[in-house]
file final.txt (compact mmCIF, C-alpha atoms)
# COMPACT_ATOMS: atom_id res chain seq x y z
CA MET A 11 95.29 214.91 184.55
CA HIS A 12 92.23 212.78 183.89
CA PRO A 13 91.88 210.21 186.67
CA ARG A 14 89.38 207.42 186.04
CA ASN A 15 86.20 207.08 188.11
CA TYR A 16 86.74 210.42 189.82
CA GLY A 17 83.74 211.94 191.57
CA PRO A 18 80.52 210.73 193.16
CA ILE A 19 78.30 208.12 191.51
CA GLU A 20 74.53 207.97 191.34
CA ASN A 21 72.61 205.58 193.60
CA ALA A 22 75.62 204.60 195.67
CA THR A 23 74.86 201.68 197.97
CA GLY A 24 77.86 202.47 200.18
CA VAL A 25 79.85 205.64 200.89
CA GLY A 26 83.04 205.48 202.94
CA VAL A 27 85.72 207.90 204.03
CA GLY A 28 89.33 207.24 204.96
CA HIS A 29 90.82 210.32 206.57
CA SER A 30 93.78 211.60 208.51
CA GLU A 31 92.95 213.92 211.40
CA GLN A 32 96.58 215.03 211.45
CA SER A 33 96.75 216.32 207.90
CA GLY A 34 93.06 216.87 207.09
CA GLU A 35 93.42 214.69 204.00
CA PHE A 36 90.68 212.29 203.00
CA VAL A 37 89.49 209.88 200.35
CA ILE A 38 85.76 209.39 199.90
CA PHE A 39 84.78 206.16 198.15
CA TYR A 40 81.44 205.36 196.51
CA ILE A 41 80.27 201.86 195.62
CA GLN A 42 77.17 200.66 193.87
CA THR A 43 76.67 196.91 194.23
CA GLU A 44 74.19 194.41 192.90
CA ASN A 45 74.37 190.73 193.89
CA GLU A 46 77.83 191.29 195.40
CA ILE A 47 79.15 192.73 192.13
CA LEU A 48 80.62 196.24 192.08
CA GLN A 49 78.54 197.67 189.25
CA ASN A 50 80.01 201.13 189.68
CA VAL A 51 82.65 202.78 191.85
CA GLY A 52 83.92 206.32 192.32
CA TYR A 53 86.19 208.28 194.60
CA ALA A 54 87.28 211.82 195.42
CA THR A 55 90.16 213.17 197.46
CA ASN A 56 91.86 216.36 198.58
CA GLY A 57 95.10 214.39 198.79
CA CYS A 58 98.22 214.40 196.69
CA HIS A 59 98.91 213.24 193.14
CA ASP A 60 99.87 209.74 194.35
CA THR A 61 96.51 209.35 196.08
CA VAL A 62 94.70 210.40 192.91
CA VAL A 63 96.67 207.93 190.79
CA LEU A 64 96.22 205.08 193.27
CA GLY A 65 92.49 205.80 193.48
CA SER A 66 92.25 205.78 189.72
CA MET A 67 94.17 202.49 189.43
CA PHE A 68 92.31 200.75 192.24
CA THR A 69 88.83 201.73 191.03
CA GLU A 70 89.75 200.49 187.54
CA MET A 71 90.94 197.19 189.04
CA ILE A 72 87.70 196.48 190.91
CA LYS A 73 84.98 198.05 188.77
CA GLY A 74 82.63 195.34 187.46
CA GLU A 75 84.25 192.71 189.68
CA SER A 76 82.90 190.81 192.69
CA LEU A 77 83.47 191.96 196.28
CA ASP A 78 85.60 188.82 196.78
CA TYR A 79 87.82 189.81 193.89
CA ALA A 80 88.05 193.35 195.29
CA ALA A 81 89.15 191.96 198.65
CA ARG A 82 91.96 190.03 196.92
CA ALA A 83 92.89 193.12 194.89
CA THR A 84 93.10 195.10 198.13
CA VAL A 85 95.62 192.64 199.56
CA LYS A 86 97.66 192.68 196.33
CA LEU A 87 97.76 196.47 196.19
CA ARG A 88 98.76 196.68 199.84
CA GLU A 89 101.60 194.18 199.21
CA LYS A 90 102.71 196.09 196.13
CA VAL A 91 102.89 199.51 197.77
CA ALA A 92 104.53 198.05 200.89
CA GLN A 93 107.65 197.74 198.73
CA GLY A 94 107.52 201.45 197.84
CA PRO A 95 108.06 204.71 199.74
CA VAL A 96 106.22 205.32 203.04
CA LYS A 97 104.39 208.27 201.48
CA GLN A 98 102.81 205.98 198.87
CA GLN A 99 101.83 203.50 201.57
CA ALA A 100 99.92 206.24 203.36
CA CYS A 101 98.18 207.24 200.12
CA ALA A 102 97.20 203.62 199.40
CA GLN A 103 96.09 203.15 203.00
CA MET A 104 93.72 206.10 202.64
CA VAL A 105 92.21 204.75 199.39
CA LEU A 106 91.84 201.19 200.71
CA THR A 107 90.44 202.33 204.06
CA ALA A 108 87.83 204.43 202.27
CA PHE A 109 86.83 201.36 200.23
CA GLU A 110 86.59 199.29 203.41
CA ALA A 111 84.45 202.04 205.02
CA ALA A 112 82.14 202.06 201.98
CA GLN A 113 81.55 198.32 202.38
CA ILE A 114 80.82 198.77 206.10
CA HIS A 115 78.38 201.55 205.22
CA LYS A 116 76.68 199.30 202.67
CA ASN A 117 76.25 196.56 205.28
CA GLU A 118 75.05 198.98 207.96
CA LYS A 119 72.49 200.40 205.55
CA ALA A 120 71.24 196.88 204.87
CA HIS A 121 70.67 196.59 208.64
CA GLY A 122 68.65 199.79 208.79
CA SER A 123 71.30 202.47 209.36
CA THR A 124 70.40 205.90 207.95
CA GLU A 125 73.90 207.36 208.24
CA GLU A 126 75.10 209.18 205.09
CA LEU A 127 78.51 207.53 205.18
CA HIS A 128 80.95 205.58 207.32
CA ALA A 129 84.28 207.19 208.20
CA ILE A 130 87.51 205.56 209.42
CA GLU A 131 90.52 207.51 210.61
CA ILE A 132 93.95 206.34 209.54
CA GLY A 133 97.12 206.79 211.55
CA MET A 134 99.45 207.39 208.62
CA LYS A 135 99.97 210.81 207.09
CA CYS A 136 100.57 211.59 203.44
CA GLU A 137 102.85 214.57 203.23
CA VAL A 138 105.45 216.09 200.97
CA GLU A 139 108.76 214.35 201.44
CA VAL A 140 111.55 216.70 202.42
CA MET B 5 66.61 232.49 189.33
CA MET B 6 69.29 232.45 192.03
CA ASP B 7 69.77 228.79 192.90
CA ALA B 8 72.43 226.11 193.19
CA THR B 9 72.23 225.37 189.45
CA LEU B 10 73.02 228.99 188.61
CA PHE B 11 75.97 228.87 191.01
CA GLN B 12 77.29 225.70 189.33
CA ARG B 13 76.97 227.21 185.86
CA LYS B 14 78.65 230.47 186.90
CA HIS B 15 81.42 228.49 188.57
CA GLN B 16 81.96 226.60 185.30
CA LEU B 17 81.83 229.82 183.27
CA TRP B 18 84.52 231.38 185.43
CA LEU B 19 86.71 228.31 184.88
CA ARG B 20 85.89 228.17 181.17
CA ILE B 21 86.95 231.77 180.52
CA ALA B 22 89.95 231.63 182.85
CA PHE B 23 91.28 228.46 181.20
CA LEU B 24 90.61 229.86 177.74
CA SER B 25 92.78 232.84 178.69
CA PHE B 26 95.48 230.46 179.98
CA ALA B 27 95.35 228.43 176.76
CA ILE B 28 95.66 231.21 174.19
CA ASN B 29 99.01 232.67 173.19
CA ASN B 30 97.90 236.05 171.75
CA PRO B 31 98.84 238.43 174.64
CA SER B 32 96.08 241.02 174.21
CA ILE B 33 93.32 238.38 173.90
CA LYS B 34 94.83 236.51 176.85
CA ASN B 35 94.71 239.60 179.06
CA ARG B 36 91.22 240.60 178.01
CA LEU B 37 89.88 237.09 178.64
CA TYR B 38 91.58 236.96 182.01
CA GLU B 39 89.88 240.24 182.97
CA PHE B 40 86.56 238.72 181.90
CA SER B 41 87.24 235.66 184.03
CA GLN B 42 87.88 237.89 187.04
CA ILE B 43 84.56 239.65 186.41
CA GLU B 44 82.93 236.21 186.34
CA PHE B 45 84.61 235.36 189.63
CA ARG B 46 83.12 238.50 191.18
CA HIS B 47 79.70 237.51 189.83
CA LEU B 48 80.20 234.13 191.44
CA LYS B 49 80.99 235.78 194.77
CA TRP B 50 77.86 237.91 194.59
CA VAL B 51 75.72 234.91 193.62
CA ALA B 52 77.16 232.91 196.54
CA GLY B 53 76.53 235.83 198.90
CA SER B 54 72.94 236.09 197.76
CA LEU B 55 72.37 232.33 198.13
CA TYR B 56 73.95 232.32 201.59
CA GLU B 57 71.82 235.28 202.76
CA ASN B 58 68.72 233.44 201.58
CA ASN B 59 69.74 230.11 203.16
CA VAL B 60 69.97 228.37 199.78
CA SER B 61 72.60 225.64 199.74
CA TYR B 62 75.06 225.32 196.86
CA ASN B 63 78.16 223.28 196.18
CA TYR B 64 81.27 223.20 194.00
CA GLU B 65 80.25 220.26 191.83
CA ARG B 66 80.63 220.53 188.07
CA ASP B 67 78.80 218.88 185.19
CA THR B 68 80.49 215.51 184.52
CA LEU B 69 80.79 216.41 180.83
CA PHE B 70 82.23 219.86 181.52
CA SER B 71 85.42 220.30 179.52
CA ILE B 72 87.64 223.20 178.52
CA GLU B 73 89.77 221.36 175.96
CA SER B 74 89.89 221.81 172.20
CA GLU B 75 92.58 222.37 169.60
CA SER B 76 90.66 225.29 168.15
CA PHE B 77 90.40 228.69 169.80
CA PHE B 78 87.25 229.47 167.83
CA THR B 79 85.55 226.25 169.01
CA LEU B 80 86.15 227.28 172.62
CA VAL B 81 84.98 230.84 171.92
CA ARG B 82 81.75 229.51 170.37
CA THR B 83 81.16 227.22 173.37
CA THR B 84 81.65 230.18 175.70
CA ILE B 85 79.24 232.35 173.69
CA ASN B 86 76.57 229.63 173.79
CA GLU B 87 77.01 229.14 177.51
CA ILE B 88 76.67 232.87 178.21
CA LYS B 89 73.60 233.17 175.99
CA SER B 90 71.88 230.26 177.71
CA LEU B 91 72.67 231.76 181.12
CA HIS B 92 70.90 234.98 180.15
CA HIS B 93 67.62 233.06 180.08
CA VAL B 94 67.94 232.19 183.75
CA TYR B 95 69.04 235.53 185.23
CA ASP B 96 66.27 237.24 187.15
CA GLU B 97 65.34 240.92 187.08
CA THR B 98 67.25 241.83 190.25
CA PRO B 99 70.09 244.41 190.15
CA LEU B 100 72.57 241.51 190.27
CA GLY B 101 70.86 239.72 187.38
CA GLU B 102 70.92 242.96 185.38
CA ARG B 103 74.57 243.59 186.22
CA MET B 104 75.61 240.11 185.10
CA ARG B 105 73.63 240.41 181.88
CA HIS B 106 75.19 243.81 181.05
CA ASP B 107 78.74 242.62 181.77
CA GLU B 108 78.24 239.54 179.64
CA ASN B 109 76.67 241.45 176.76
CA TYR B 110 79.98 243.27 176.48
CA MET B 111 81.86 239.97 176.71
CA LEU B 112 79.63 238.57 173.94
CA SER B 113 80.40 241.51 171.65
CA THR B 114 84.13 241.02 172.26
CA LEU B 115 83.96 237.26 171.69
CA ASN B 116 81.89 237.68 168.53
CA ALA B 117 84.41 240.21 167.24
CA TYR B 118 87.16 237.58 167.66
CA LEU B 119 85.16 235.18 165.46
CA GLU B 120 85.06 237.75 162.69
CA LYS B 121 88.86 237.79 162.38
CA ILE B 122 89.70 234.42 160.87
CA SER B 123 93.43 235.01 161.50
CA LEU B 124 92.74 234.73 165.23
CA ASP B 125 91.70 231.08 165.01
CA GLU B 126 94.84 229.90 166.71
CA ILE B 127 95.64 226.19 166.94
CA LEU B 128 96.00 225.71 170.66
CA SER B 129 98.96 223.67 171.83
CA ALA B 130 97.89 223.90 175.47
CA PHE B 131 96.36 220.41 175.46
CA ASN B 132 98.69 218.50 173.10
CA ARG B 133 100.59 216.68 175.92
CA SER B 134 103.97 217.52 174.37
CA LEU B 135 105.51 217.53 177.86
CA ASN B 136 108.31 219.75 176.71
CA TRP B 137 109.48 222.97 178.40
CA PRO B 138 110.18 225.23 175.42
CA ASP B 139 112.17 227.97 177.21
CA ALA B 140 115.14 225.87 178.26
CA LEU B 141 116.69 222.46 177.87
CA LEU B 142 115.54 220.39 180.85
CA SER B 143 116.53 216.82 181.59
CA VAL B 144 113.84 214.14 181.66
CA SER B 145 113.83 214.10 185.48
CA GLU B 146 113.62 217.90 185.64
CA THR B 147 110.72 217.88 183.17
CA ASP B 148 108.91 215.16 185.15
CA ALA B 149 109.42 217.01 188.43
CA LEU B 150 108.13 220.22 186.90
CA ALA B 151 105.03 218.55 185.41
CA LEU B 152 104.19 216.82 188.69
CA PHE B 153 104.67 220.04 190.63
CA LEU B 154 102.39 221.95 188.25
CA PHE B 155 99.60 219.35 188.43
CA GLU B 156 99.74 219.31 192.23
CA GLU B 157 99.97 223.05 192.68
CA LEU B 158 97.31 223.94 190.12
CA TYR B 159 94.88 221.81 192.12
CA LYS B 160 96.06 223.24 195.43
CA GLU B 161 95.70 226.86 194.30
CA TYR B 162 92.20 226.14 192.98
CA GLU B 163 91.33 224.40 196.24
CA LEU B 164 92.66 227.34 198.26
CA ILE B 165 90.76 229.91 196.19
CA MET B 166 87.53 228.00 196.71
CA VAL B 167 88.10 227.38 200.44
CA TYR B 168 88.89 231.07 201.06
CA PHE B 169 85.91 231.98 198.86
CA TYR B 170 83.64 229.81 201.00
CA ARG B 171 84.97 231.35 204.22
CA GLN B 172 84.87 234.92 202.94
CA ILE B 173 81.14 234.60 202.22
CA ARG B 174 80.75 233.54 205.86
CA ALA B 175 83.20 236.08 207.31
CA THR B 176 82.03 237.83 210.45
CA THR B 177 84.55 240.70 210.66
CA PRO B 178 85.97 243.19 208.12
CA ALA B 179 89.49 241.91 208.90
CA GLN B 180 88.47 238.38 207.91
CA VAL B 181 87.07 239.67 204.61
CA THR B 182 90.31 241.53 203.86
CA HIS B 183 92.61 238.64 204.76
CA PHE B 184 90.60 236.09 202.78
CA GLN B 185 90.57 238.49 199.81
CA ASP B 186 94.36 238.89 199.99
CA LEU B 187 94.81 235.13 200.09
CA MET B 188 92.44 234.64 197.15
CA ASP B 189 94.21 237.32 195.10
CA GLU B 190 97.55 235.63 195.72
CA SER B 191 96.18 232.22 194.77
CA HIS B 192 94.61 233.61 191.59
CA PHE B 193 98.05 234.83 190.57
CA HIS B 194 99.65 231.49 191.34
CA LEU B 195 96.88 229.59 189.55
CA ARG B 196 97.40 231.74 186.45
CA SER B 197 101.19 231.39 186.59
CA PHE B 198 101.13 227.60 186.96
CA ALA B 199 98.38 227.17 184.35
CA GLU B 200 100.33 229.21 181.79
CA MET B 201 103.39 227.08 182.46
CA MET B 202 101.23 224.00 181.86
CA THR B 203 100.09 225.53 178.58
CA LYS B 204 103.71 225.84 177.50
CA MET B 205 104.17 222.13 178.22
CA GLY B 206 100.90 221.15 176.53
CA ILE B 207 99.47 219.74 179.76
CA LEU B 208 96.84 222.31 180.69
CA SER B 209 93.87 220.65 182.35
CA LEU B 210 91.15 221.50 184.82
CA PRO B 211 91.86 220.90 188.49
CA ARG B 212 89.73 218.06 189.82
CA THR B 213 86.36 218.76 191.40
CA LEU B 214 86.25 219.69 195.07
CA HIS B 215 84.24 217.57 197.46
CA SER B 216 82.30 219.50 200.12
CA ARG B 217 84.49 217.99 202.86
CA THR B 218 87.34 220.05 201.42
CA TYR B 219 85.77 223.47 201.85
CA GLU B 220 83.04 223.15 204.47
CA ILE B 221 85.45 224.00 207.24
CA THR B 222 83.93 224.20 210.69
CA ASP B 223 87.12 224.39 212.77
CA MET B 224 88.90 227.38 211.23
CA GLU B 225 91.69 227.43 213.77
CA LYS B 226 92.61 223.84 212.93
CA PHE B 227 92.29 224.59 209.22
CA LEU B 228 94.60 227.62 209.46
CA ARG B 229 97.19 225.76 211.51
CA GLY B 230 97.11 222.97 208.90
CA GLY B 231 97.28 225.61 206.16
CA ILE B 232 100.43 227.11 207.64
CA ILE B 233 102.07 223.67 207.60
CA GLU B 234 100.92 223.21 204.00
CA GLU B 235 102.39 226.57 203.01
CA GLU B 236 105.66 225.48 204.62
CA ASN B 237 105.52 222.29 202.52
CA ALA B 238 104.79 224.33 199.38
CA LYS B 239 107.75 226.58 200.19
CA GLU B 240 109.91 223.50 200.56
CA GLU B 241 108.68 222.13 197.21
CA CYS B 242 109.51 225.48 195.53
CA ARG B 243 112.91 225.57 197.20
CA ARG B 244 113.59 221.98 196.11
CA LEU B 245 112.54 222.68 192.52
CA SER B 246 114.46 225.93 192.48
CA SER B 247 117.65 224.16 193.53
CA SER B 248 117.19 221.04 191.36
CA ILE B 249 116.30 222.85 188.12
CA THR B 250 119.37 224.15 186.45
CA ASP B 251 117.65 226.74 184.26
CA GLU B 252 118.23 230.14 185.90
CA LYS B 253 114.95 231.80 184.89
CA LEU B 254 112.83 228.90 186.05
CA SER B 255 114.80 228.60 189.25
CA ALA B 256 114.33 232.35 189.95
CA PHE B 257 110.58 231.99 189.37
CA PHE B 258 110.30 229.28 192.02
CA GLU B 259 112.34 231.36 194.43
CA PHE B 260 109.88 234.22 193.82
CA ILE B 261 106.90 231.94 194.54
CA ASN B 262 108.70 230.58 197.61
CA TYR B 263 108.95 234.09 199.12
CA GLN B 264 105.30 234.77 198.35
CA GLU B 265 104.34 231.67 200.35
CA SER B 266 106.20 233.16 203.33
CA TYR B 267 103.83 236.10 203.42
CA HIS B 268 100.79 233.84 203.11
CA ILE B 269 101.88 232.34 206.39
CA GLU B 270 101.86 235.82 207.94
CA ILE B 271 98.33 236.51 206.64
CA MET B 272 97.18 233.15 208.00
CA LYS B 273 98.67 233.99 211.39
CA LYS B 274 96.69 237.26 211.37
CA LEU B 275 93.57 235.28 210.51
CA LEU B 276 94.26 232.91 213.40
CA GLY B 277 93.78 235.88 215.71
CA GLU B 278 90.29 236.32 214.25
CA PHE B 279 88.99 232.88 215.23
call {"tool": "encode", "arguments": {"input": "final.txt", "output": "structure tokens"}}
result
Amino acid sequence: MHPRNYGPIENATGVGVGHSEQSGEFVIFYIQTENEILQNVGYATNGCHDTVVLGSMFTEMIKGESLDYAARATVKLREKVAQGPVKQQACAQMVLTAFEAAQIHKNEKAHGSTEELHAIEIGMKCEVEV
Amino acid sequence: MMDATLFQRKHQLWLRIAFLSFAINNPSIKNRLYEFSQIEFRHLKWVAGSLYENNVSYNYERDTLFSIESESFFTLVRTTINEIKSLHHVYDETPLGERMRHDENYMLSTLNAYLEKISLDEILSAFNRSLNWPDALLSVSETDALALFLFEELYKEYELIMVYFYRQIRATTPAQVTHFQDLMDESHFHLRSFAEMMTKMGILSLPRTLHSRTYEITDMEKFLRGGIIEEENAKEECRRLSSSITDEKLSAFFEFINYQESYHIEIMKKLLGEF
């Protein structure tokens, strides 16, 4: 499996984490912006295959695009996965929350924060369906 | 010099040799290379131990261009030889540096001997993405389920090996060392089994890189309780595959793995008593 944009990026302007305390799963999202354009993005996860695929798809969708476009893409992806299984919704939630956290981190850094990243816990849990 | 860069390169060398052994079909070369990979894993453990004792931080990152894929066995052997040779320039004169150099000199002589036998230059089908299980006729849905399972579990076994590895270096009692070793040994076997199945299907690939959040576990009790639930899920996946795949041999293999997971849970429960 060769997911796109997997792994940390250099000179990230924002680093965010979406994680589930229940399952210990997380997505970490890296963004590098210039004039509100996402010049580079990356992500990593210890989650399932669906999370990896969704992360790969989403980063491909928004890379090189504006933050406004990314916000619209987020809504679209959320709508799309809402029609699918609950498990996939949790995976998408983790990816999108991590992206949101990365943007918050970017803004906090611009206001002087020295935190390494911003983390947001999600309520949903991605687990193997039985 | 013992530093984080050496750890990263030894980590990659372990993976390189292990995955070369998974990719090749010749049984005697496969076994010899797997033994070499296990020697490299022990080197890695000793390097990590030395770094930890000296308060030098290291991580599980890999070079972004690191790859183990090629159609040619000889190409991969040559890459391995070059990597080992370049590592010898950075080993220090400590007993560990000497040990690693001696072990790898023997590996180099074996690898060079392979290159002298042109008939050994096998065309590797491990990476050709044929997505076909050659040992039985599987339906499309069975094949898809098997491929997905193998991708997921290959990553999980690698993750488990490296989490246990991290904790074993930091173990504070002999019982912890033993239990983490048992768990690592089991996961090595599973990793090898799943990787060789992926080779048969032409879908062998490296597991994705581990982020430090995955293995820098501070709350071991929570981690072990989560691990027990994960083992239960893995058992369920094996049971589901075993019952949905109609091929008897494959089904029996997943039943076998399923029962192994049961004992992992027992080892984890013993470990819980240690934290």
call {"tool": "atom_distance", "arguments": {"input": "final.txt", "atom1": "atom CA of Ala22 of chain B", "atom2": "atom CA of Arg244 of chain B"}}
result
28.8 Å
call {"tool": "residues_near_point", "arguments": {"input": "final.txt", "point": "(76.2, 230.8, 174.2)", "cutoff": "12 Å", "atoms": "only C-alpha atoms", "output": "PyMOL selection string"}}
result
chain B and resi 17+79-93+108-109+111-113+115-116
call {"tool": "write_last_selection", "arguments": {"input": "final.txt", "atoms": "C-alpha atoms", "output": "PDB file, in the coordinates of the input"}}
result
ATOM      1  CA  LEU B  17      81.830 229.820 183.270  1.00  0.00           C
ATOM      2  CA  THR B  79      85.550 226.250 169.010  1.00  0.00           C
ATOM      3  CA  LEU B  80      86.150 227.280 172.620  1.00  0.00           C
ATOM      4  CA  VAL B  81      84.980 230.840 171.920  1.00  0.00           C
ATOM      5  CA  ARG B  82      81.750 229.510 170.370  1.00  0.00           C
ATOM      6  CA  THR B  83      81.160 227.220 173.370  1.00  0.00           C
ATOM      7  CA  THR B  84      81.650 230.180 175.700  1.00  0.00           C
ATOM      8  CA  ILE B  85      79.240 232.350 173.690  1.00  0.00           C
ATOM      9  CA  ASN B  86      76.570 229.630 173.790  1.00  0.00           C
ATOM     10  CA  GLU B  87      77.010 229.140 177.510  1.00  0.00           C
ATOM     11  CA  ILE B  88      76.670 232.870 178.210  1.00  0.00           C
ATOM     12  CA  LYS B  89      73.600 233.170 175.990  1.00  0.00           C
ATOM     13  CA  SER B  90      71.880 230.260 177.710  1.00  0.00           C
ATOM     14  CA  LEU B  91      72.670 231.760 181.120  1.00  0.00           C
ATOM     15  CA  HIS B  92      70.900 234.980 180.150  1.00  0.00           C
ATOM     16  CA  HIS B  93      67.620 233.060 180.080  1.00  0.00           C
ATOM     17  CA  GLU B 108      78.240 239.540 179.640  1.00  0.00           C
ATOM     18  CA  ASN B 109      76.670 241.450 176.760  1.00  0.00           C
ATOM     19  CA  MET B 111      81.860 239.970 176.710  1.00  0.00           C
ATOM     20  CA  LEU B 112      79.630 238.570 173.940  1.00  0.00           C
ATOM     21  CA  SER B 113      80.400 241.510 171.650  1.00  0.00           C
ATOM     22  CA  LEU B 115      83.960 237.260 171.690  1.00  0.00           C
ATOM     23  CA  ASN B 116      81.890 237.680 168.530  1.00  0.00           C
TER      24      ASN B 116
END
call {"tool": "residues_near_point", "arguments": {"input": "final.txt", "point": "(88.3, 214.2, 192.6)", "cutoff": "12 Å", "atoms": "all atoms listed in the file", "output": "VMD selection string"}}
result
(chain A and resid 11 to 19 36 to 40 52 to 59 61 to 63 65 to 66) or (chain B and resid 64 to 66 68 159 163 210 to 218)
call {"tool": "residues_around", "arguments": {"input": "final.txt", "residues": "Phe23 of chain B", "least_positions_apart": "6", "cutoff": "9 Å", "atoms": "all atoms listed in the file", "output": "list in words"}}
result
Tyr38, Ser41, Ile72, Glu73, Arg196, Ala199, Leu208, Ser209 and Leu210 of chain B
call {"tool": "atom_distance", "arguments": {"input": "final.txt", "atom1": "atom CA of Leu164 of chain B", "atom2": "atom CA of Ala8 of chain B"}}
result
20.9 Å
call {"tool": "residues_around", "arguments": {"input": "final.txt", "residues": "His128 of chain A", "least_positions_apart": "2", "cutoff": "6 Å", "atoms": "all atoms listed in the file", "output": "compact mmCIF listing (two decimals) with C-alpha atoms, in the coordinates of the input"}}
result
# COMPACT_ATOMS: atom_id res chain seq x y z
CA GLY A 26 83.04 205.48 202.94
CA ALA A 111 84.45 202.04 205.02
CA HIS A 115 78.38 201.55 205.22
call {"tool": "closest_residue", "arguments": {"input": "final.txt", "among": "B:Arg105, B:Met6, B:Gln12, B:Leu158", "to": "Glu200 of chain B", "atoms": "only C-alpha atoms"}}
result
B:Leu158
call {"tool": "closest_residue", "arguments": {"input": "final.txt", "among": "B:Asp251, B:Glu225, B:Asp7, B:Asp189", "to": "Lys273 of chain B", "atoms": "all atoms listed in the file"}}
result
B:Glu225
call {"tool": "atom_distance", "arguments": {"input": "final.txt", "atom1": "atom CA of Ser145 of chain B", "atom2": "atom CA of Ile249 of chain B"}}
result
9.5 Å
call {"tool": "closest_residue", "arguments": {"input": "final.txt", "among": "B:Ala27, B:Asp67, B:Ser61, B:Glu157", "to": "His192 of chain B", "atoms": "all atoms listed in the file"}}
result
B:Glu157
call {"tool": "residues_around", "arguments": {"input": "final.txt", "residues": "Arg133 of chain B", "least_positions_apart": "4", "cutoff": "10 Å", "atoms": "all atoms listed in the file", "output": "PDB file with C-alpha atoms, keeping the file's coordinate frame"}}
result
ATOM      1  CA  SER B 129      98.960 223.670 171.830  1.00  0.00           C
ATOM      2  CA  MET B 202     101.230 224.000 181.860  1.00  0.00           C
ATOM      3  CA  THR B 203     100.090 225.530 178.580  1.00  0.00           C
ATOM      4  CA  LYS B 204     103.710 225.840 177.500  1.00  0.00           C
ATOM      5  CA  MET B 205     104.170 222.130 178.220  1.00  0.00           C
ATOM      6  CA  GLY B 206     100.900 221.150 176.530  1.00  0.00           C
ATOM      7  CA  ILE B 207      99.470 219.740 179.760  1.00  0.00           C
ATOM      8  CA  LEU B 208      96.840 222.310 180.690  1.00  0.00           C
TER       9      LEU B 208
END
call {"tool": "residues_around", "arguments": {"input": "final.txt", "residues": "Asp125 of chain B", "least_positions_apart": "4", "cutoff": "8 Å", "atoms": "all atoms listed in the file", "output": "tab-separated table (two decimals) with C-alpha atoms, keeping the file's coordinate frame"}}
result
chain	number	residue	atom	x	y	z
B	76	SER	CA	90.66	225.29	168.15
B	77	PHE	CA	90.40	228.69	169.80
B	78	PHE	CA	87.25	229.47	167.83
B	119	LEU	CA	85.16	235.18	165.46
B	121	LYS	CA	88.86	237.79	162.38
call {"tool": "closest_residue", "arguments": {"input": "final.txt", "among": "A:Gln49, A:Val85, A:Gly34, A:Ala102", "to": "Met67 of chain A", "atoms": "only C-alpha atoms"}}
result
A:Ala102
call {"tool": "closest_residue", "arguments": {"input": "final.txt", "among": "B:Ala52, B:Ala149, B:Leu187, B:Ile43", "to": "Arg174 of chain B", "atoms": "all atoms listed in the file"}}
result
B:Ala52
call {"tool": "closest_residue", "arguments": {"input": "final.txt", "among": "B:Met201, B:Phe153, B:Asn237, B:Leu228", "to": "Asp60 of chain A", "atoms": "only C-alpha atoms"}}
result
B:Phe153
call {"tool": "residues_around", "arguments": {"input": "final.txt", "residues": "Ser74 of chain B", "least_positions_apart": "6", "cutoff": "9 Å", "atoms": "only C-alpha atoms", "output": "PDB file with C-alpha atoms, in the frame of the given file"}}
result
ATOM      1  CA  LEU B  80      86.150 227.280 172.620  1.00  0.00           C
ATOM      2  CA  ILE B 127      95.640 226.190 166.940  1.00  0.00           C
ATOM      3  CA  LEU B 128      96.000 225.710 170.660  1.00  0.00           C
ATOM      4  CA  ALA B 130      97.890 223.900 175.470  1.00  0.00           C
ATOM      5  CA  PHE B 131      96.360 220.410 175.460  1.00  0.00           C
TER       6      PHE B 131
END
call {"tool": "decode", "arguments": {"input": "final.txt", "residues": "segment 102-122 of chain A", "atoms": "C-alpha atoms", "output": "mmCIF file, in the first residue's frame"}}
result
data_model
loop_
_atom_site.group_PDB
_atom_site.id
_atom_site.type_symbol
_atom_site.label_atom_id
_atom_site.label_comp_id
_atom_site.auth_asym_id
_atom_site.auth_seq_id
_atom_site.Cartn_x
_atom_site.Cartn_y
_atom_site.Cartn_z
ATOM 1 C CA ALA A 102 -13.191 10.391 8.358
ATOM 2 C CA GLN A 103 -13.985 12.248 11.574
ATOM 3 C CA MET A 104 -10.483 11.512 12.848
ATOM 4 C CA VAL A 105 -8.829 12.754 9.621
ATOM 5 C CA LEU A 106 -10.963 15.901 9.397
ATOM 6 C CA THR A 107 -10.587 16.699 13.100
ATOM 7 C CA ALA A 108 -6.814 16.431 12.786
ATOM 8 C CA PHE A 109 -6.928 18.865 9.854
ATOM 9 C CA GLU A 110 -9.073 21.257 11.892
ATOM 10 C CA ALA A 111 -6.608 20.954 14.812
ATOM 11 C CA ALA A 112 -3.695 21.743 12.470
ATOM 12 C CA GLN A 113 -5.411 24.961 11.382
ATOM 13 C CA ILE A 114 -6.050 25.923 15.024
ATOM 14 C CA HIS A 115 -2.387 25.245 15.780
ATOM 15 C CA LYS A 116 -1.333 27.416 12.840
ATOM 16 C CA ASN A 117 -3.490 30.290 14.120
ATOM 17 C CA GLU A 118 -2.304 29.871 17.717
ATOM 18 C CA LYS A 119 1.302 29.926 16.559
ATOM 19 C CA ALA A 120 0.606 33.164 14.698
ATOM 20 C CA HIS A 121 -0.557 34.579 18.054
ATOM 21 C CA GLY A 122 2.613 33.550 19.836
#
